[in-house]
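Data block for coords_31.txt (compact mmCIF, N, CA, C and O atoms):
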```txt
# COMPACT_ATOMS: atom_id res chain seq x y z
N MET M 28 35.95 -12.53 -80.40
CA MET M 28 34.62 -12.32 -79.86
C MET M 28 33.65 -12.16 -81.02
O MET M 28 33.94 -11.50 -82.00
N ILE M 29 32.47 -12.74 -80.91
CA ILE M 29 31.47 -12.71 -81.97
C ILE M 29 30.32 -11.78 -81.57
O ILE M 29 29.94 -11.70 -80.40
N ASP M 30 29.78 -11.11 -82.55
CA ASP M 30 28.64 -10.22 -82.33
C ASP M 30 27.38 -11.06 -82.08
O ASP M 30 27.17 -12.08 -82.77
N ILE M 31 26.54 -10.65 -81.14
CA ILE M 31 25.35 -11.44 -80.78
C ILE M 31 24.38 -11.54 -81.95
O ILE M 31 23.75 -12.58 -82.15
N ASN M 32 24.26 -10.47 -82.73
CA ASN M 32 23.36 -10.52 -83.90
C ASN M 32 23.82 -11.56 -84.91
O ASN M 32 23.01 -12.28 -85.48
N THR M 33 25.13 -11.63 -85.14
CA THR M 33 25.68 -12.62 -86.06
C THR M 33 25.40 -14.02 -85.55
O THR M 33 25.03 -14.92 -86.32
N LEU M 34 25.55 -14.22 -84.26
CA LEU M 34 25.29 -15.53 -83.66
C LEU M 34 23.83 -15.93 -83.83
O LEU M 34 23.53 -17.06 -84.22
N ILE M 35 22.93 -15.01 -83.59
CA ILE M 35 21.50 -15.30 -83.72
C ILE M 35 21.15 -15.60 -85.17
O ILE M 35 20.41 -16.54 -85.47
N GLU M 36 21.68 -14.79 -86.10
CA GLU M 36 21.39 -14.99 -87.52
C GLU M 36 21.95 -16.30 -88.06
O GLU M 36 21.45 -16.85 -89.02
N SER M 37 22.99 -16.81 -87.42
CA SER M 37 23.60 -18.06 -87.88
C SER M 37 22.73 -19.28 -87.62
O SER M 37 22.95 -20.34 -88.16
N GLY M 38 21.74 -19.13 -86.76
CA GLY M 38 20.84 -20.23 -86.47
C GLY M 38 21.24 -21.04 -85.25
O GLY M 38 20.54 -21.97 -84.87
N VAL M 39 22.35 -20.69 -84.63
CA VAL M 39 22.78 -21.39 -83.42
C VAL M 39 21.79 -21.03 -82.31
O VAL M 39 21.50 -19.87 -82.08
N THR M 40 21.26 -22.05 -81.66
CA THR M 40 20.27 -21.79 -80.61
C THR M 40 20.73 -22.22 -79.22
O THR M 40 20.10 -21.88 -78.24
N ASP M 41 21.82 -22.99 -79.16
CA ASP M 41 22.28 -23.48 -77.88
C ASP M 41 23.61 -22.82 -77.54
O ASP M 41 24.68 -23.27 -77.95
N PHE M 42 23.53 -21.69 -76.82
CA PHE M 42 24.75 -20.98 -76.45
C PHE M 42 24.56 -20.28 -75.11
O PHE M 42 23.44 -20.06 -74.67
N ASN M 43 25.65 -19.95 -74.48
CA ASN M 43 25.65 -19.22 -73.23
C ASN M 43 26.26 -17.85 -73.47
O ASN M 43 27.16 -17.70 -74.29
N ILE M 44 25.79 -16.89 -72.71
CA ILE M 44 26.31 -15.53 -72.81
C ILE M 44 26.84 -15.13 -71.45
O ILE M 44 26.17 -15.32 -70.44
N THR M 45 28.02 -14.56 -71.44
CA THR M 45 28.58 -13.99 -70.22
C THR M 45 28.56 -12.48 -70.38
O THR M 45 29.03 -11.96 -71.39
N ILE M 46 27.98 -11.81 -69.40
CA ILE M 46 27.84 -10.36 -69.49
C ILE M 46 28.19 -9.74 -68.15
O ILE M 46 27.87 -10.30 -67.10
N LYS M 47 28.85 -8.61 -68.21
CA LYS M 47 29.18 -7.90 -66.98
C LYS M 47 27.90 -7.28 -66.40
O LYS M 47 26.99 -6.91 -67.14
N TYR M 48 27.88 -7.18 -65.08
CA TYR M 48 26.73 -6.61 -64.40
C TYR M 48 26.42 -5.20 -64.91
O TYR M 48 25.27 -4.86 -65.18
N SER M 49 27.44 -4.39 -65.09
CA SER M 49 27.24 -3.01 -65.54
C SER M 49 26.61 -2.98 -66.94
O SER M 49 25.75 -2.13 -67.23
N ASP M 50 27.00 -3.92 -67.81
CA ASP M 50 26.40 -3.99 -69.15
C ASP M 50 24.95 -4.44 -69.07
O ASP M 50 24.10 -3.97 -69.82
N LEU M 51 24.67 -5.36 -68.16
CA LEU M 51 23.30 -5.82 -67.96
C LEU M 51 22.40 -4.69 -67.47
O LEU M 51 21.28 -4.51 -67.95
N VAL M 52 22.91 -3.89 -66.55
CA VAL M 52 22.15 -2.74 -66.04
C VAL M 52 21.91 -1.75 -67.17
O VAL M 52 20.80 -1.22 -67.33
N LEU M 53 22.92 -1.51 -67.98
CA LEU M 53 22.79 -0.59 -69.12
C LEU M 53 21.74 -1.10 -70.10
O LEU M 53 20.90 -0.33 -70.58
N LEU M 54 21.74 -2.39 -70.38
CA LEU M 54 20.74 -3.00 -71.26
C LEU M 54 19.34 -2.81 -70.68
O LEU M 54 18.41 -2.43 -71.40
N GLY M 55 19.20 -3.08 -69.39
CA GLY M 55 17.90 -2.90 -68.74
C GLY M 55 17.42 -1.46 -68.81
O GLY M 55 16.25 -1.19 -69.12
N ASP M 56 18.32 -0.51 -68.59
CA ASP M 56 17.96 0.90 -68.66
C ASP M 56 17.51 1.29 -70.07
O ASP M 56 16.53 2.02 -70.24
N ARG M 57 18.21 0.78 -71.07
CA ARG M 57 17.83 1.08 -72.46
C ARG M 57 16.48 0.48 -72.81
O ARG M 57 15.68 1.09 -73.52
N LEU M 58 16.21 -0.72 -72.32
CA LEU M 58 14.91 -1.34 -72.57
C LEU M 58 13.78 -0.54 -71.92
O LEU M 58 12.73 -0.32 -72.52
N VAL M 59 14.01 -0.10 -70.70
CA VAL M 59 13.00 0.69 -69.99
C VAL M 59 12.77 2.01 -70.73
O VAL M 59 11.62 2.43 -70.92
N GLU M 60 13.83 2.66 -71.18
CA GLU M 60 13.68 3.91 -71.93
C GLU M 60 12.89 3.69 -73.20
O GLU M 60 12.01 4.49 -73.55
N ARG M 61 13.17 2.60 -73.89
CA ARG M 61 12.45 2.30 -75.13
C ARG M 61 10.97 2.06 -74.87
O ARG M 61 10.11 2.53 -75.61
N ILE M 62 10.68 1.32 -73.81
CA ILE M 62 9.28 1.07 -73.46
C ILE M 62 8.57 2.37 -73.12
O ILE M 62 7.46 2.63 -73.57
N LEU M 63 9.22 3.21 -72.32
CA LEU M 63 8.62 4.49 -71.95
C LEU M 63 8.39 5.37 -73.17
O LEU M 63 7.37 6.05 -73.27
N ASP M 64 9.31 5.35 -74.12
CA ASP M 64 9.19 6.18 -75.32
C ASP M 64 8.13 5.67 -76.29
O ASP M 64 7.43 6.45 -76.92
N GLU M 65 8.00 4.33 -76.41
CA GLU M 65 7.14 3.76 -77.44
C GLU M 65 5.77 3.30 -76.93
O GLU M 65 4.77 3.49 -77.59
N VAL M 66 5.74 2.70 -75.77
CA VAL M 66 4.51 2.08 -75.29
C VAL M 66 3.68 3.01 -74.42
O VAL M 66 2.47 3.12 -74.58
N CYS M 67 4.31 3.69 -73.51
CA CYS M 67 3.57 4.51 -72.55
C CYS M 67 2.75 5.63 -73.18
O CYS M 67 1.62 5.85 -72.76
N PRO M 68 3.26 6.35 -74.19
CA PRO M 68 2.41 7.39 -74.79
C PRO M 68 1.13 6.82 -75.40
O PRO M 68 0.06 7.42 -75.28
N VAL M 69 1.20 5.65 -76.01
CA VAL M 69 0.02 5.02 -76.60
C VAL M 69 -0.95 4.61 -75.50
O VAL M 69 -2.16 4.86 -75.59
N ALA M 70 -0.45 4.02 -74.44
CA ALA M 70 -1.30 3.60 -73.32
C ALA M 70 -1.94 4.80 -72.65
O ALA M 70 -3.11 4.76 -72.27
N ALA M 71 -1.19 5.89 -72.50
CA ALA M 71 -1.73 7.09 -71.86
C ALA M 71 -2.85 7.69 -72.70
O ALA M 71 -3.86 8.14 -72.16
N ASP M 72 -2.69 7.70 -74.02
CA ASP M 72 -3.73 8.24 -74.89
C ASP M 72 -5.01 7.43 -74.75
O ASP M 72 -6.11 7.96 -74.74
N ASN M 73 -4.88 6.11 -74.65
CA ASN M 73 -6.05 5.25 -74.52
C ASN M 73 -6.69 5.36 -73.15
O ASN M 73 -7.89 5.15 -73.00
N ALA M 74 -5.91 5.66 -72.13
CA ALA M 74 -6.42 5.68 -70.77
C ALA M 74 -7.23 6.92 -70.44
O ALA M 74 -8.02 6.91 -69.51
N VAL M 75 -7.05 7.99 -71.19
CA VAL M 75 -7.72 9.24 -70.84
C VAL M 75 -8.92 9.54 -71.74
O VAL M 75 -9.18 10.68 -72.05
N GLU M 76 -9.60 8.50 -72.16
CA GLU M 76 -10.79 8.71 -72.99
C GLU M 76 -11.84 9.46 -72.18
O GLU M 76 -12.08 9.16 -71.02
N LYS M 77 -12.45 10.43 -72.81
CA LYS M 77 -13.44 11.27 -72.14
C LYS M 77 -14.70 10.46 -71.84
O LYS M 77 -15.14 9.66 -72.65
N LEU M 78 -15.24 10.71 -70.67
CA LEU M 78 -16.48 10.07 -70.26
C LEU M 78 -17.59 11.11 -70.20
O LEU M 78 -17.36 12.24 -69.76
N LEU M 79 -18.77 10.73 -70.63
CA LEU M 79 -19.94 11.60 -70.58
C LEU M 79 -20.85 11.15 -69.45
O LEU M 79 -20.95 9.96 -69.16
N THR M 80 -21.53 12.10 -68.84
CA THR M 80 -22.48 11.77 -67.78
C THR M 80 -23.76 11.21 -68.40
O THR M 80 -24.00 11.36 -69.61
N LYS M 81 -24.56 10.62 -67.56
CA LYS M 81 -25.84 10.09 -68.01
C LYS M 81 -26.71 11.21 -68.59
O LYS M 81 -27.33 11.04 -69.65
N ALA M 82 -26.72 12.36 -67.93
CA ALA M 82 -27.53 13.50 -68.40
C ALA M 82 -27.07 13.97 -69.78
O ALA M 82 -27.90 14.29 -70.64
N GLU M 83 -25.75 14.01 -70.00
CA GLU M 83 -25.23 14.44 -71.31
C GLU M 83 -25.65 13.48 -72.41
O GLU M 83 -26.03 13.91 -73.51
N VAL M 84 -25.63 12.19 -72.13
CA VAL M 84 -26.01 11.19 -73.13
C VAL M 84 -27.51 11.27 -73.40
O VAL M 84 -27.94 11.20 -74.56
N MET M 85 -28.31 11.43 -72.36
CA MET M 85 -29.76 11.56 -72.55
C MET M 85 -30.07 12.76 -73.43
O MET M 85 -30.93 12.70 -74.30
N GLU M 86 -29.35 13.86 -73.21
CA GLU M 86 -29.57 15.06 -74.00
C GLU M 86 -29.16 14.85 -75.46
O GLU M 86 -29.87 15.25 -76.38
N LYS M 87 -28.02 14.21 -75.68
CA LYS M 87 -27.52 13.98 -77.05
C LYS M 87 -28.50 13.14 -77.88
O LYS M 87 -28.71 13.41 -79.05
N PHE M 88 -29.10 12.13 -77.25
CA PHE M 88 -29.99 11.24 -77.97
C PHE M 88 -31.46 11.61 -77.81
O PHE M 88 -32.31 11.07 -78.52
N GLY M 89 -31.76 12.48 -76.86
CA GLY M 89 -33.16 12.83 -76.61
C GLY M 89 -33.94 11.67 -76.04
O GLY M 89 -35.08 11.42 -76.45
N VAL M 90 -33.31 10.92 -75.13
CA VAL M 90 -33.95 9.75 -74.53
C VAL M 90 -34.02 9.91 -73.01
O VAL M 90 -33.43 10.81 -72.44
N CYS M 91 -34.74 8.99 -72.37
CA CYS M 91 -34.88 9.03 -70.91
C CYS M 91 -34.03 7.94 -70.25
O CYS M 91 -33.38 7.15 -70.92
N HIS M 92 -34.07 7.92 -68.90
CA HIS M 92 -33.31 6.94 -68.12
C HIS M 92 -33.64 5.50 -68.54
O HIS M 92 -32.75 4.66 -68.64
N THR M 93 -34.92 5.25 -68.79
CA THR M 93 -35.36 3.89 -69.13
C THR M 93 -34.72 3.42 -70.43
O THR M 93 -34.29 2.26 -70.54
N THR M 94 -34.62 4.30 -71.40
CA THR M 94 -34.01 3.93 -72.68
C THR M 94 -32.53 3.57 -72.48
O THR M 94 -32.05 2.57 -73.01
N LEU M 95 -31.82 4.38 -71.69
CA LEU M 95 -30.42 4.08 -71.41
C LEU M 95 -30.28 2.74 -70.70
O LEU M 95 -29.37 1.96 -70.99
N TYR M 96 -31.19 2.47 -69.78
CA TYR M 96 -31.19 1.19 -69.07
C TYR M 96 -31.38 0.04 -70.07
O TYR M 96 -30.67 -0.96 -70.03
N ASN M 97 -32.34 0.20 -70.96
CA ASN M 97 -32.62 -0.84 -71.96
C ASN M 97 -31.44 -1.02 -72.92
O ASN M 97 -31.12 -2.14 -73.32
N TRP M 98 -30.79 0.09 -73.30
CA TRP M 98 -29.62 0.01 -74.17
C TRP M 98 -28.49 -0.75 -73.48
O TRP M 98 -27.76 -1.51 -74.11
N ASP M 99 -28.35 -0.53 -72.18
CA ASP M 99 -27.33 -1.24 -71.41
C ASP M 99 -27.62 -2.74 -71.44
O ASP M 99 -26.74 -3.57 -71.72
N LYS M 100 -28.84 -3.12 -71.15
CA LYS M 100 -29.21 -4.54 -71.08
C LYS M 100 -29.11 -5.24 -72.42
O LYS M 100 -28.78 -6.42 -72.50
N SER M 101 -29.35 -4.50 -73.51
CA SER M 101 -29.29 -5.11 -74.85
C SER M 101 -27.92 -4.93 -75.50
O SER M 101 -27.71 -5.41 -76.61
N GLY M 102 -27.00 -4.22 -74.82
CA GLY M 102 -25.65 -4.05 -75.35
C GLY M 102 -25.49 -2.94 -76.37
O GLY M 102 -24.46 -2.84 -77.02
N VAL M 103 -26.51 -2.11 -76.54
CA VAL M 103 -26.44 -1.02 -77.50
C VAL M 103 -25.44 0.04 -77.04
O VAL M 103 -24.62 0.51 -77.82
N LEU M 104 -25.50 0.41 -75.78
CA LEU M 104 -24.59 1.41 -75.21
C LEU M 104 -24.33 1.02 -73.75
O LEU M 104 -25.19 1.17 -72.89
N VAL M 105 -23.15 0.49 -73.51
CA VAL M 105 -22.81 -0.04 -72.19
C VAL M 105 -22.14 1.05 -71.35
O VAL M 105 -21.19 1.68 -71.79
N PRO M 106 -22.65 1.29 -70.13
CA PRO M 106 -22.08 2.34 -69.29
C PRO M 106 -20.80 1.89 -68.58
O PRO M 106 -20.48 0.70 -68.52
N VAL M 107 -20.10 2.88 -68.06
CA VAL M 107 -18.90 2.65 -67.25
C VAL M 107 -19.20 3.23 -65.88
O VAL M 107 -19.62 4.39 -65.76
N LYS M 108 -19.05 2.41 -64.84
CA LYS M 108 -19.30 2.92 -63.49
C LYS M 108 -18.03 3.50 -62.91
O LYS M 108 -16.98 2.87 -62.92
N VAL M 109 -18.13 4.72 -62.41
CA VAL M 109 -17.03 5.38 -61.72
C VAL M 109 -17.55 5.64 -60.31
O VAL M 109 -18.34 6.55 -60.10
N GLY M 110 -17.12 4.80 -59.39
CA GLY M 110 -17.71 4.86 -58.06
C GLY M 110 -19.15 4.41 -58.16
O GLY M 110 -19.45 3.33 -58.64
N ARG M 111 -20.06 5.27 -57.72
CA ARG M 111 -21.48 4.95 -57.80
C ARG M 111 -22.18 5.67 -58.96
O ARG M 111 -23.37 5.53 -59.16
N LYS M 112 -21.41 6.42 -59.73
CA LYS M 112 -21.98 7.18 -60.84
C LYS M 112 -21.81 6.44 -62.16
O LYS M 112 -20.84 5.72 -62.37
N ILE M 113 -22.75 6.66 -63.05
CA ILE M 113 -22.73 6.02 -64.36
C ILE M 113 -22.28 7.03 -65.40
O ILE M 113 -22.77 8.15 -65.46
N HIS M 114 -21.32 6.60 -66.21
CA HIS M 114 -20.82 7.42 -67.31
C HIS M 114 -20.81 6.57 -68.58
O HIS M 114 -20.96 5.36 -68.53
N TYR M 115 -20.58 7.25 -69.71
CA TYR M 115 -20.51 6.57 -70.99
C TYR M 115 -19.27 7.06 -71.73
O TYR M 115 -18.96 8.24 -71.69
N ARG M 116 -18.58 6.14 -72.41
CA ARG M 116 -17.39 6.51 -73.18
C ARG M 116 -17.80 7.36 -74.38
O ARG M 116 -18.71 6.99 -75.12
N LEU M 117 -17.08 8.46 -74.58
CA LEU M 117 -17.37 9.35 -75.69
C LEU M 117 -17.28 8.60 -77.01
O LEU M 117 -18.12 8.79 -77.89
N GLY M 118 -16.27 7.74 -77.16
CA GLY M 118 -16.12 6.98 -78.40
C GLY M 118 -17.32 6.08 -78.69
O GLY M 118 -17.77 5.97 -79.83
N ASP M 119 -17.87 5.45 -77.64
CA ASP M 119 -19.06 4.60 -77.80
C ASP M 119 -20.26 5.43 -78.22
O ASP M 119 -21.05 5.03 -79.08
N VAL M 120 -20.41 6.60 -77.60
CA VAL M 120 -21.55 7.48 -77.91
C VAL M 120 -21.43 7.97 -79.35
O VAL M 120 -22.42 7.95 -80.11
N GLN M 121 -20.23 8.39 -79.76
CA GLN M 121 -20.04 8.86 -81.13
C GLN M 121 -20.30 7.76 -82.15
O GLN M 121 -20.91 7.99 -83.20
N ALA M 122 -19.86 6.55 -81.84
CA ALA M 122 -20.11 5.41 -82.74
C ALA M 122 -21.59 5.14 -82.90
O ALA M 122 -22.08 4.89 -84.01
N LEU M 123 -22.33 5.20 -81.80
CA LEU M 123 -23.78 4.98 -81.86
C LEU M 123 -24.46 6.11 -82.64
O LEU M 123 -25.38 5.86 -83.43
N LEU M 124 -24.02 7.33 -82.45
CA LEU M 124 -24.56 8.45 -83.20
C LEU M 124 -24.34 8.26 -84.70
O LEU M 124 -25.24 8.50 -85.51
N GLU M 125 -23.15 7.80 -85.07
CA GLU M 125 -22.84 7.56 -86.48
C GLU M 125 -23.72 6.44 -87.06
O GLU M 125 -24.21 6.54 -88.18
N ARG M 126 -23.91 5.36 -86.28
CA ARG M 126 -24.76 4.26 -86.74
C ARG M 126 -26.20 4.72 -86.94
O ARG M 126 -26.90 4.20 -87.80
N ARG M 127 -26.62 5.68 -86.14
CA ARG M 127 -28.00 6.17 -86.25
C ARG M 127 -28.11 7.30 -87.26
O ARG M 127 -29.18 7.85 -87.45
N GLY M 128 -26.96 7.71 -87.85
CA GLY M 128 -26.99 8.77 -88.86
C GLY M 128 -27.10 10.17 -88.28
O GLY M 128 -27.46 11.09 -88.97
N VAL M 129 -26.76 10.31 -87.00
CA VAL M 129 -26.81 11.62 -86.34
C VAL M 129 -25.38 12.15 -86.25
O VAL M 129 -24.45 11.40 -85.98
N LYS M 130 -25.20 13.45 -86.43
CA LYS M 130 -23.86 14.03 -86.32
C LYS M 130 -23.72 14.91 -85.12
O LYS M 130 -24.48 15.46 -84.55
```
Structure re-expressed in structure tokens:
Amino acid sequence: MIDINTLIESGVTDFNITIKYSDLVLLGDRLVERILDEVCPVAADNAVEKLLTKAEVMEKFGVCHTTLYNWDKSGVLVPVKVGRKIHYRLGDVQALLERRGVK
């Protein structure tokens, strides 16, 4: 019996593999565990980005509703709609503050 890694490294590309069902299930379980361990934490961190309300953003920049509307239309600060409410990503707000030299 030959090791699969050795077969792959040899450059052979036309081969068949016979595998027991129980080994296939074990392989699938290990793949799922690896994905959960490596991919899901990164996705979860990205998914829970804090959102600021319109009022919070207006206060941070000292601007009115019209300015936020104009920023949206010109792409300066694009809002995120949650239901019927408008919010702004904290990362976007912080980036704009940095570009404007405000801390």
_Neighbouring residues of Val107 (chain M) were defined as those with any atom within 8 Å, considering only N, CA, C and O atoms; residues of the same chain fewer than 6 positions away were excluded. Please report them as number ranges by chain._
M: 78-79, 113-116
*Could you check which of M:Glu86, M:Val59, M:Lys100, M:His92 is closest to Val120 (chain M), using only C-alpha atoms?*
M:Glu86
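Between Leu95 (chain M) and the residues M:Asn32, M:Lys47, M:Leu124, M:Lys81, the shortest atom-to-atom distance, using all atoms listed in the file, involves M:Lys81.
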*In chain M, what's helix (DSSP H, G or I) per DSSP? Answer as a VMD selection string?*
chain M and resid 31 to 36 48 to 65 67 to 74 81 to 88 92 to 101 117 to 126
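Picture a line from atom O of Leu63 (chain M) to atom C of Leu51 (chain M); it runs 19.4 Å.
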_Distance query Asp119 (chain M) at most 8 Å, only N, CA, C and O atoms, self and fewer than 6 positions along chain excluded, as a VMD selection string_ = chain M and resid 77 103 to 105 125 to 126
Please put the answer as AutoDock Vina command-line options: centre and edge lengths, in Å with one decimal, of a box along x, y and z that encloses all listed atoms of region 85-94 of chain M plus 5 Å on each side.
```
--center_x -31.4 --center_y 8.8 --center_z -73.6 --size_x 17.8 --size_y 23.0 --size_z 20.9
```
*Would you list, as an MDAnalysis selection string, the residues of chain M that end up in strand (DSSP E or B) under DSSP run on this structure's backbone?*
chainID M and resid 78:80 107:109 112:116
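Relative to CA of Ala82 (chain M), CA of Leu117 (chain M) is found at 13.2 Å.
Between CA of Gly102 (chain M) and atom C of Gly128 (chain M) the separation is 19.3 Å.
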